[in-house]
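Novice: Can you keep this structure in mind? I'll have questions shortly.
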Amino acid sequence: MQAAHGEHPYYGVRRLALHLNWSQNKTRRIRIQAGIVIPTASKKRHKGYSDPAEITAPANALKTYASFRNNSRPQDGMNYSGMTESGGWVQDFTYLWFDRSMHYLAVVLDLKTRRVVGWQLGTRHTSELTHSAVLDALSKYPAPTILHSDQGSEYLSYRHQLLCQKMEIRLSCSTKGSPWQNGFMERFFGSFKLELGNLNKYQDLAQLHEAIALAIYYYNTKRIHSALKMSPAAYAATLSNQQFKRDKVFGNLVA
């Protein structure tokens, strides 16, 4: 338990159980006996720059993939897990207070694999920052069917609209005041900032940038995602293997 905690200091009971191949009850009991406490993140949002040129917020294209938790009790709310089958990406940014000034990290997440496919760090949260994060993702992966965000001006810029038109991507936005409609990103940032740790330990912006890159690499390739029961990269590899087997059966292999 101590060794697992040392390697993955922010794993909760579920991920520790998967990592150690123990039951959750056993993991919880031994974690308590070992005196291991996992810190939790505070929830804050920062408002600042905006882009004056915006388009009207498009509808939530992911809503069709949501379903009632209980059809006989609509008051129980919606289940958004079906969004992972949309072929979409979600995007958002978070703030990082470093060296007496605010910095912003824009991230693009693949819903199916939960993998970070693109990111960009900057000193202003404008459409230029978020657009660069999307370009980073498109430079490495095929375009998604849907690109979802909240209704921030950074995502309603003409720059985003023109890019999505060119790539045949459907822009999508959460309803105002409904952060749970982009819950995958909200949960990602909650864990990511906690695991990134105290930013005061970095001497300059170059060190911070390197730390973010390493933290994203750890998240993508090493850290167990509790819903996937493996890392996002490992899960993406299983999907690729499944596609390879299907193509082989139908004789569609390309040399």
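We name chains A, B, ... following the order of the structure tokens; residues begin at 1 in each chain, and ligands are numbered from 1 as shown.
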Report as a Markdown table the residues of range 161-203 of chain A within 12 Å of range 139-144 of chain A, each with its shortest atom pair and distance in Å (one decimal), using only C-alpha atoms, ordered by chain and increasing residue number.

Specialist:
| residue | atom | partner | partner_atom | distance |
| --- | --- | --- | --- | --- |
| A:Leu163 | CA | A:Ala143 | CA | 10.8 |
| A:Cys164 | CA | A:Ala143 | CA | 9.2 |
| A:Gln165 | CA | A:Ala143 | CA | 11.5 |
| A:Lys166 | CA | A:Ala143 | CA | 10.6 |
| A:Met167 | CA | A:Ala143 | CA | 6.8 |
| A:Glu168 | CA | A:Ala143 | CA | 8.2 |
| A:Ile169 | CA | A:Pro144 | CA | 6.4 |
| A:Arg170 | CA | A:Pro144 | CA | 8.5 |
| A:Leu171 | CA | A:Pro144 | CA | 10.3 |
| A:Ser172 | CA | A:Pro144 | CA | 11.8 |

Novice: Go through range 109-197 of chain A and flag each residue having an atom no more than 12 Å from range 62-73 of chain A; for those, report the closest pair of atoms plus their distance in Å to one decimal, using only C-alpha atoms, ordered by chain and rising number, as a tab-separated table.

Specialist:
residue	atom	partner	partner_atom	distance
A:Leu111	CA	A:Leu62	CA	10.7
A:Thr145	CA	A:Leu62	CA	10.6
A:Ile146	CA	A:Leu62	CA	8.0
A:Leu147	CA	A:Leu62	CA	9.5
A:His148	CA	A:Leu62	CA	7.8
A:Ser149	CA	A:Leu62	CA	10.4
A:Arg170	CA	A:Leu62	CA	10.4
A:Leu171	CA	A:Leu62	CA	10.2
A:Ser172	CA	A:Leu62	CA	7.4
A:Cys173	CA	A:Leu62	CA	8.6
A:Ser174	CA	A:Leu62	CA	8.6
A:Thr175	CA	A:Lys63	CA	9.9
A:Ser178	CA	A:Lys63	CA	11.9
A:Trp180	CA	A:Lys63	CA	11.5
A:Gln181	CA	A:Lys63	CA	8.2
A:Asn182	CA	A:Leu62	CA	9.4
A:Gly183	CA	A:Leu62	CA	11.8

Novice: Once DSSP has gone over the backbone, tell me which residues of range 30-254 of chain A are in strand (DSSP E or B), as an NGL selection string.

Specialist: :A and (67-68 or 78-79 or 89-98 or 101-110 or 116-122 or 146-149 or 170-173 or 225 or 230)

Novice: Which residue is closest to Val134 in chain A? Choose from A:Asn60, A:Ser226, A:Thr113, A:Gln120 and count only C-alpha atoms.

Specialist: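 Among A:Asn60, A:Ser226, A:Thr113, A:Gln120, it is A:Gln120 that comes nearest to Val134 in chain A.
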
Novice: From the options A:Thr130, A:Gln75, A:Thr56, A:Gln2, which residue's atoms come nearest to Ile32 in chain A, counting only C-alpha atoms?

Specialist: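 Among the listed residues, the smallest separation from Ile32 in chain A belongs to A:Gln2.
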
Novice: Per DSSP on the backbone, filter range 118-220 of chain A down to the residues in alpha helix (DSSP H) and report them as a PyMOL selection string.

Specialist: chain A and resi 127-138+158-167+183-196+205-220

Novice: So which residues touch Leu199 in chain A within 8 Å, counting only C-alpha atoms, skipping near sequence neighbours fewer than 3 positions away, as a list in words?

Specialist: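 That gives Trp97, Phe98, Leu196, Tyr202 and Leu208 of chain A.
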
Novice: Using CA of Leu18 in chain A and CA of Glu85 in chain A as the two end points, give the distance in Å to one decimal.

Specialist: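 About the pair CA of Leu18 in chain A and CA of Glu85 in chain A: they are 24.1 Å apart.
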
Novice: Which residue is closest to Asn21 in chain A? Choose from A:Tyr104, A:Ala4, A:Gln151, A:His131 and count only C-alpha atoms.

Specialist: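 The shortest atom-to-atom distance to Asn21 in chain A comes from A:Ala4.
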
Novice: Which residue out of A:Ala34, A:Ala106, A:Leu205, A:Arg115 has the minimum interatomic distance to Ala234 in chain A when only C-alpha atoms are used?

Specialist: A:Arg115

Novice: Just checking: using only C-alpha atoms, which residue out of A:Leu16, A:Met83, A:Leu109, A:Ile38 ends up closest to Arg187 in chain A?

Specialist: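 Nearest candidate to Arg187 in chain A out of A:Leu16, A:Met83, A:Leu109, A:Ile38: A:Leu109.
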
Novice: May I ask which of the residues A:Glu128, A:Glu195, A:Asp110, A:Asp76 is the closest one to Pro9 in chain A, counting only C-alpha atoms?

Specialist: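 That would be A:Glu195, the residue with the smallest distance to Pro9 in chain A.
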
Novice: With only C-alpha atoms as the counted atoms, please give the residues lying no more than 12 Å from Ala213 in chain A, apart from itself and same-chain residues fewer than 6 positions off, as a CSV table (one decimal) with N, CA and C atoms, in the first residue's frame.

Specialist:
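This went into selection.csv:
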chain,number,residue,atom,x,y,z
A,105,LEU,N,-4.6,27.1,-18.8
A,105,LEU,CA,-4.3,25.9,-19.5
A,105,LEU,C,-5.6,25.4,-20.2
A,107,VAL,N,-7.4,22.6,-22.5
A,107,VAL,CA,-7.3,21.2,-22.8
A,107,VAL,C,-8.4,20.7,-23.6
A,116,VAL,N,-6.2,13.0,-23.1
A,116,VAL,CA,-5.9,14.4,-23.5
A,116,VAL,C,-5.3,14.3,-24.9
A,117,VAL,N,-6.0,15.0,-25.9
A,117,VAL,CA,-5.5,14.9,-27.3
A,117,VAL,C,-4.8,16.2,-27.7
A,118,GLY,N,-5.1,17.3,-26.9
A,118,GLY,CA,-4.5,18.6,-27.2
A,118,GLY,C,-4.5,19.5,-26.0
A,119,TRP,N,-3.5,20.4,-25.9
A,119,TRP,CA,-3.5,21.4,-24.8
A,119,TRP,C,-2.6,22.6,-25.2
A,120,GLN,N,-2.8,23.7,-24.5
A,120,GLN,CA,-2.0,24.9,-24.7
A,120,GLN,C,-2.0,25.7,-23.4
A,121,LEU,N,-0.8,26.2,-23.1
A,121,LEU,CA,-0.7,27.1,-21.9
A,121,LEU,C,-0.4,28.5,-22.4
A,192,PHE,N,-6.5,16.7,-12.1
A,192,PHE,CA,-5.3,17.1,-12.7
A,192,PHE,C,-4.6,18.2,-11.9
A,196,LEU,N,-1.0,17.9,-10.1
A,196,LEU,CA,0.1,18.8,-10.5
A,196,LEU,C,0.8,19.4,-9.3
A,206,ALA,N,9.2,27.8,-18.0
A,206,ALA,CA,9.7,26.7,-18.7
A,206,ALA,C,9.5,25.4,-17.8
A,207,GLN,N,9.8,25.5,-16.5
A,207,GLN,CA,9.7,24.3,-15.6
A,207,GLN,C,8.2,24.0,-15.5
A,219,TYR,N,-1.0,11.1,-16.9
A,219,TYR,CA,-2.5,10.9,-17.0
A,219,TYR,C,-2.8,10.0,-18.2
A,220,ASN,N,-2.3,10.3,-19.3
A,220,ASN,CA,-2.6,9.5,-20.5
A,220,ASN,C,-2.1,8.1,-20.5

Novice: What is the distance between CA of Val108 in chain A and CA of Ala133 in chain A, in Å to one decimal?

Specialist: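 CA of Ala133 in chain A lies at a distance of 6.6 Å from CA of Val108 in chain A.
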
Novice: Which residues, written as number ranges by chain, have at least one atom at most 9 Å from Lys193 in chain A, with only C-alpha atoms counted and residues fewer than 3 positions away on the same chain left out?

Specialist: A: 41, 94, 96, 188-190, 196-198

Novice: Applying 9 Å and only C-alpha atoms, which residues near His19 in chain A remain after dropping the ones on its own chain fewer than 4 positions away? List them as a list in words.

Specialist: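 With the cut-off at 9 Å, the set is Ala4, Arg14, Arg15, Ile224, Lys229 and Met230 of chain A.
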
Novice: Could you write out the selected residues, including N, CA and C atoms, as a PDB file, in the first residue's frame?

Specialist:
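The result, written out as again_7.pdb:
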ATOM      1  N   ALA A   4       2.446   1.686  -3.431  1.00  0.00           N
ATOM      2  CA  ALA A   4       1.464   2.129  -4.419  1.00  0.00           C
ATOM      3  C   ALA A   4       1.120   3.600  -4.213  1.00  0.00           C
ATOM      4  N   ARG A  14     -10.750   3.412  -5.228  1.00  0.00           N
ATOM      5  CA  ARG A  14     -11.066   2.642  -6.436  1.00  0.00           C
ATOM      6  C   ARG A  14      -9.818   2.380  -7.282  1.00  0.00           C
ATOM      7  N   ARG A  15      -9.010   3.422  -7.495  1.00  0.00           N
ATOM      8  CA  ARG A  15      -7.818   3.240  -8.332  1.00  0.00           C
ATOM      9  C   ARG A  15      -6.756   2.409  -7.610  1.00  0.00           C
ATOM     10  N   ILE A 224      -4.377   5.066 -13.777  1.00  0.00           N
ATOM     11  CA  ILE A 224      -5.582   4.282 -14.017  1.00  0.00           C
ATOM     12  C   ILE A 224      -6.795   5.204 -13.985  1.00  0.00           C
ATOM     13  N   LYS A 229     -10.702   1.398 -15.963  1.00  0.00           N
ATOM     14  CA  LYS A 229      -9.930   0.388 -15.242  1.00  0.00           C
ATOM     15  C   LYS A 229      -8.537   0.173 -15.850  1.00  0.00           C
ATOM     16  N   MET A 230      -8.061   1.175 -16.549  1.00  0.00           N
ATOM     17  CA  MET A 230      -6.726   1.203 -17.135  1.00  0.00           C
ATOM     18  C   MET A 230      -6.451   2.636 -17.564  1.00  0.00           C
TER      19      MET A 230
END

Novice: Could you state the separation of CA of Ile30 in chain A and CA of Ala227 in chain A in Å, given to one decimal place?

Specialist: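 A separation of 22.7 Å between them.
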